[in-house]
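Below is one structure, written out as structure tokens, with a few remarks after it.
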Amino acid sequence: MNSRPVLNIRYFLLAAIGLWSLATGLSFWGVTWQSRNSIRQMAINQAVLSFEKDLVYRRWAAMHGGVYVPLTKETPANPYLQHIPERDVTTPSGRKLTLMNPAYMTRQVFEIGRDDYGFKGHITSLQPLRPENIPDPWETSVLQRFQQQQVNEITSVEELQGQPHLRYMR
């Protein structure tokens with residue numbers, strides 16, 4: 001009795017299972033890679049759109065020289081606008097208003113976005129006026145690259161508080 005055909009069938013079967021497993025694994029890897037890329041690209045698109053929206057309302061406020069808002073505990077008079085004679089005004093009915101510049105407005109909008117939706121954003125600079133605007137190490141690196149005119153936009157995924165976060169700066 002010849003055992004050779006049985007061995008050939010076993011090798012063929014093992015090879016087929018191996019090739020099927022390899023093809024399945026490569027397919028799974030490809031779908032996973034494509035999904036991750038799609039999710040990353042959607043997050044980048046969302047970050048860009050959010051940035052551009054913020055820029056539009058900031059330009060609108062700048063175009064009007066800021067906006068007057070009610071003076072409240074949440075919105076005290078901006079100490080950085082002390083030099084403006086009409087920073088604080090009172091309406092004929094006695095309502096107290098304070099001038100809110102575009103940066104102050106943007107900061108408050110970012111706070112609402114963070115508290116209500118978990119979005120994080122802030123204004124920063126290598127020479128910030130407010131101590132709260134001091135850049136973190138990643139931001140410092142990006143701002144320095146901007147200064148050297150190497151790039152005008154950076155996107156990366158960084159770990160913040162143990163979780164991956166997309167960071168976008170322009």
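For the structure tokens, the naming scheme is as follows: chains receive sequential letters (A, B, ...) according to their order of presentation, residues are indexed from 1 within each chain, and ligands are indexed from 1 in presentation order.
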
Residues of segment 3-133 of chain A in strand (DSSP E), written as a ChimeraX atom specification: /A:67-70,88-90,96-100

Return as a tab-separated table the residues of segment 39-144 of chain A lying at most 12 Å from segment 158-170 of chain A, together with the closest atom-to-atom pair for each and the distance in Å to one decimal, counting only C-alpha atoms, with rows in chain order and ascending residue number.
```
residue	atom	partner	partner_atom	distance
A:Ile39	CA	A:Leu166	CA	10.8
A:Arg40	CA	A:Leu166	CA	8.0
A:Gln41	CA	A:Leu166	CA	10.3
A:Met42	CA	A:Leu166	CA	10.7
A:Ala43	CA	A:Leu166	CA	7.2
A:Ile44	CA	A:Leu166	CA	7.5
A:Asn45	CA	A:Tyr168	CA	10.2
A:Gln46	CA	A:Tyr168	CA	10.2
A:Ala47	CA	A:Tyr168	CA	6.6
A:Val48	CA	A:Tyr168	CA	7.8
A:Leu49	CA	A:Tyr168	CA	11.1
A:Ser50	CA	A:Tyr168	CA	10.3
A:Phe51	CA	A:Arg170	CA	8.3
A:Glu52	CA	A:Arg170	CA	9.9
A:Asp54	CA	A:Arg170	CA	11.9
A:Leu55	CA	A:Arg170	CA	10.7
A:Gly118	CA	A:His165	CA	11.6
A:Phe119	CA	A:His165	CA	10.7
A:Lys120	CA	A:Arg167	CA	9.4
A:Gly121	CA	A:Tyr168	CA	9.3
A:His122	CA	A:Met169	CA	10.0
A:Ile123	CA	A:Met169	CA	10.0
A:Thr124	CA	A:Met169	CA	10.0
A:Ser125	CA	A:Met169	CA	11.5
A:Pro135	CA	A:Met169	CA	11.6
A:Asp136	CA	A:Leu160	CA	11.5
A:Pro137	CA	A:Glu158	CA	11.6
A:Trp138	CA	A:Glu158	CA	8.9
A:Glu139	CA	A:Met169	CA	7.9
A:Thr140	CA	A:Met169	CA	10.9
A:Ser141	CA	A:Met169	CA	10.9
A:Val142	CA	A:Met169	CA	7.6
A:Leu143	CA	A:Met169	CA	8.7
```

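Residue nearest Val109 of chain A within the list A:Val31, A:Glu86, A:Thr75, A:Gln150: A:Thr75 [criterion: smallest interatomic distance, only C-alpha atoms].
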
Which one of A:Phe12, A:Phe146, A:Trp60, A:Trp20 sits closest to Ala103 of chain A if you count only C-alpha atoms? A:Trp60

Might you pull out every residue within 8 Å of Ala77 of chain A, with only C-alpha atoms counted and same-chain residues fewer than 3 positions away left off, and present them as a list in words? Leu71, Arg87, Asp88, Thr98, Leu99 and Met100 of chain A

Can I get the selected residues back with N, CA and C atoms, as a compact mmCIF listing (two decimals), in the first residue's frame?
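Heads up, here's the output in selection-v1.txt:
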```txt
# COMPACT_ATOMS: atom_id res chain seq x y z
N LEU A 71 -22.01 92.16 32.39
CA LEU A 71 -20.97 91.98 33.40
C LEU A 71 -21.50 91.02 34.46
N ARG A 87 -14.52 100.37 28.07
CA ARG A 87 -14.52 98.93 28.31
C ARG A 87 -15.80 98.53 29.05
N ASP A 88 -16.19 99.32 30.05
CA ASP A 88 -17.40 99.05 30.83
C ASP A 88 -18.39 100.18 30.60
N THR A 98 -19.74 94.88 29.66
CA THR A 98 -18.28 94.98 29.52
C THR A 98 -17.89 94.54 28.12
N LEU A 99 -16.83 95.12 27.62
CA LEU A 99 -16.34 94.79 26.29
C LEU A 99 -15.59 93.46 26.35
N MET A 100 -15.95 92.57 25.46
CA MET A 100 -15.28 91.28 25.36
C MET A 100 -14.53 91.26 24.03
```

For the alpha helix (DSSP H) assignment from backbone DSSP, which residues of segment 4-111 of chain A qualify? Please present them as a PyMOL selection string. chain A and resi 4-63+102-111

Can you work out the spacing between atom CA of Glu74 of chain A and atom CA of Arg114 of chain A in Å, to one decimal? 15.6 Å

If you count only C-alpha atoms, which residues fall within 10 Å of Ala62 of chain A, apart from same-chain ones fewer than 4 positions away, as a list in words? Val56, Tyr57, Arg58, Gly66, Val67, Asn101, Pro102 and Ala103 of chain A

For those residues, write all heavy atoms to a file as an mmCIF file, in the first residue's frame.
```
data_model
loop_
_atom_site.group_PDB
_atom_site.id
_atom_site.type_symbol
_atom_site.label_atom_id
_atom_site.label_comp_id
_atom_site.auth_asym_id
_atom_site.auth_seq_id
_atom_site.Cartn_x
_atom_site.Cartn_y
_atom_site.Cartn_z
ATOM 1 N N VAL A 56 -13.704 82.047 12.078
ATOM 2 C CA VAL A 56 -14.744 82.908 11.492
ATOM 3 C C VAL A 56 -15.410 83.760 12.557
ATOM 4 O O VAL A 56 -15.541 84.975 12.400
ATOM 5 C CB VAL A 56 -15.792 82.071 10.720
ATOM 6 C CG1 VAL A 56 -17.020 82.901 10.387
ATOM 7 C CG2 VAL A 56 -15.180 81.507 9.456
ATOM 8 N N TYR A 57 -15.849 83.168 13.672
ATOM 9 C CA TYR A 57 -16.519 84.000 14.673
ATOM 10 C C TYR A 57 -15.537 84.928 15.366
ATOM 11 O O TYR A 57 -15.896 86.027 15.774
ATOM 12 C CB TYR A 57 -17.387 83.198 15.653
ATOM 13 C CG TYR A 57 -16.668 82.360 16.682
ATOM 14 C CD1 TYR A 57 -16.020 82.944 17.758
ATOM 15 C CD2 TYR A 57 -16.659 80.987 16.589
ATOM 16 C CE1 TYR A 57 -15.366 82.171 18.694
ATOM 17 C CE2 TYR A 57 -16.011 80.211 17.527
ATOM 18 C CZ TYR A 57 -15.360 80.814 18.573
ATOM 19 O OH TYR A 57 -14.710 80.057 19.503
ATOM 20 N N ARG A 58 -14.273 84.525 15.461
ATOM 21 C CA ARG A 58 -13.265 85.423 16.043
ATOM 22 C C ARG A 58 -13.027 86.629 15.123
ATOM 23 O O ARG A 58 -12.914 87.761 15.582
ATOM 24 C CB ARG A 58 -11.975 84.642 16.279
ATOM 25 C CG ARG A 58 -10.962 85.442 17.033
ATOM 26 C CD ARG A 58 -9.733 84.625 17.347
ATOM 27 N NE ARG A 58 -8.710 85.511 17.846
ATOM 28 C CZ ARG A 58 -7.985 85.280 18.896
ATOM 29 N NH1 ARG A 58 -8.137 84.178 19.577
ATOM 30 N NH2 ARG A 58 -7.077 86.134 19.291
ATOM 31 N N GLY A 66 -14.849 93.807 19.042
ATOM 32 C CA GLY A 66 -15.301 93.091 20.237
ATOM 33 C C GLY A 66 -16.805 93.212 20.360
ATOM 34 O O GLY A 66 -17.472 93.794 19.494
ATOM 35 N N VAL A 67 -17.338 92.653 21.418
ATOM 36 C CA VAL A 67 -18.780 92.729 21.663
ATOM 37 C C VAL A 67 -19.010 93.061 23.128
ATOM 38 O O VAL A 67 -18.200 92.706 23.991
ATOM 39 C CB VAL A 67 -19.497 91.404 21.301
ATOM 40 C CG1 VAL A 67 -19.456 91.145 19.810
ATOM 41 C CG2 VAL A 67 -18.899 90.233 22.038
ATOM 42 N N ASN A 101 -13.201 91.138 24.113
ATOM 43 C CA ASN A 101 -12.417 91.070 22.887
ATOM 44 C C ASN A 101 -12.485 89.654 22.310
ATOM 45 O O ASN A 101 -12.928 88.710 22.968
ATOM 46 C CB ASN A 101 -10.977 91.520 23.136
ATOM 47 C CG ASN A 101 -10.225 90.610 24.067
ATOM 48 O OD1 ASN A 101 -10.790 89.816 24.795
ATOM 49 N ND2 ASN A 101 -8.902 90.725 24.053
ATOM 50 N N PRO A 102 -12.062 89.472 21.051
ATOM 51 C CA PRO A 102 -12.169 88.147 20.419
ATOM 52 C C PRO A 102 -11.448 87.025 21.179
ATOM 53 O O PRO A 102 -11.952 85.899 21.230
ATOM 54 C CB PRO A 102 -11.549 88.361 19.037
ATOM 55 C CG PRO A 102 -11.764 89.814 18.767
ATOM 56 C CD PRO A 102 -11.627 90.489 20.094
ATOM 57 N N ALA A 103 -10.312 87.303 21.780
ATOM 58 C CA ALA A 103 -9.587 86.256 22.510
ATOM 59 C C ALA A 103 -10.382 85.798 23.740
ATOM 60 O O ALA A 103 -10.476 84.600 24.019
ATOM 61 C CB ALA A 103 -8.207 86.758 22.923
#
```

State, in Å with one decimal place, the distance from atom CA of Leu129 of chain A to atom CA of Tyr80 of chain A.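 About the pair atom CA of Leu129 of chain A and atom CA of Tyr80 of chain A: they are 8.5 Å apart.
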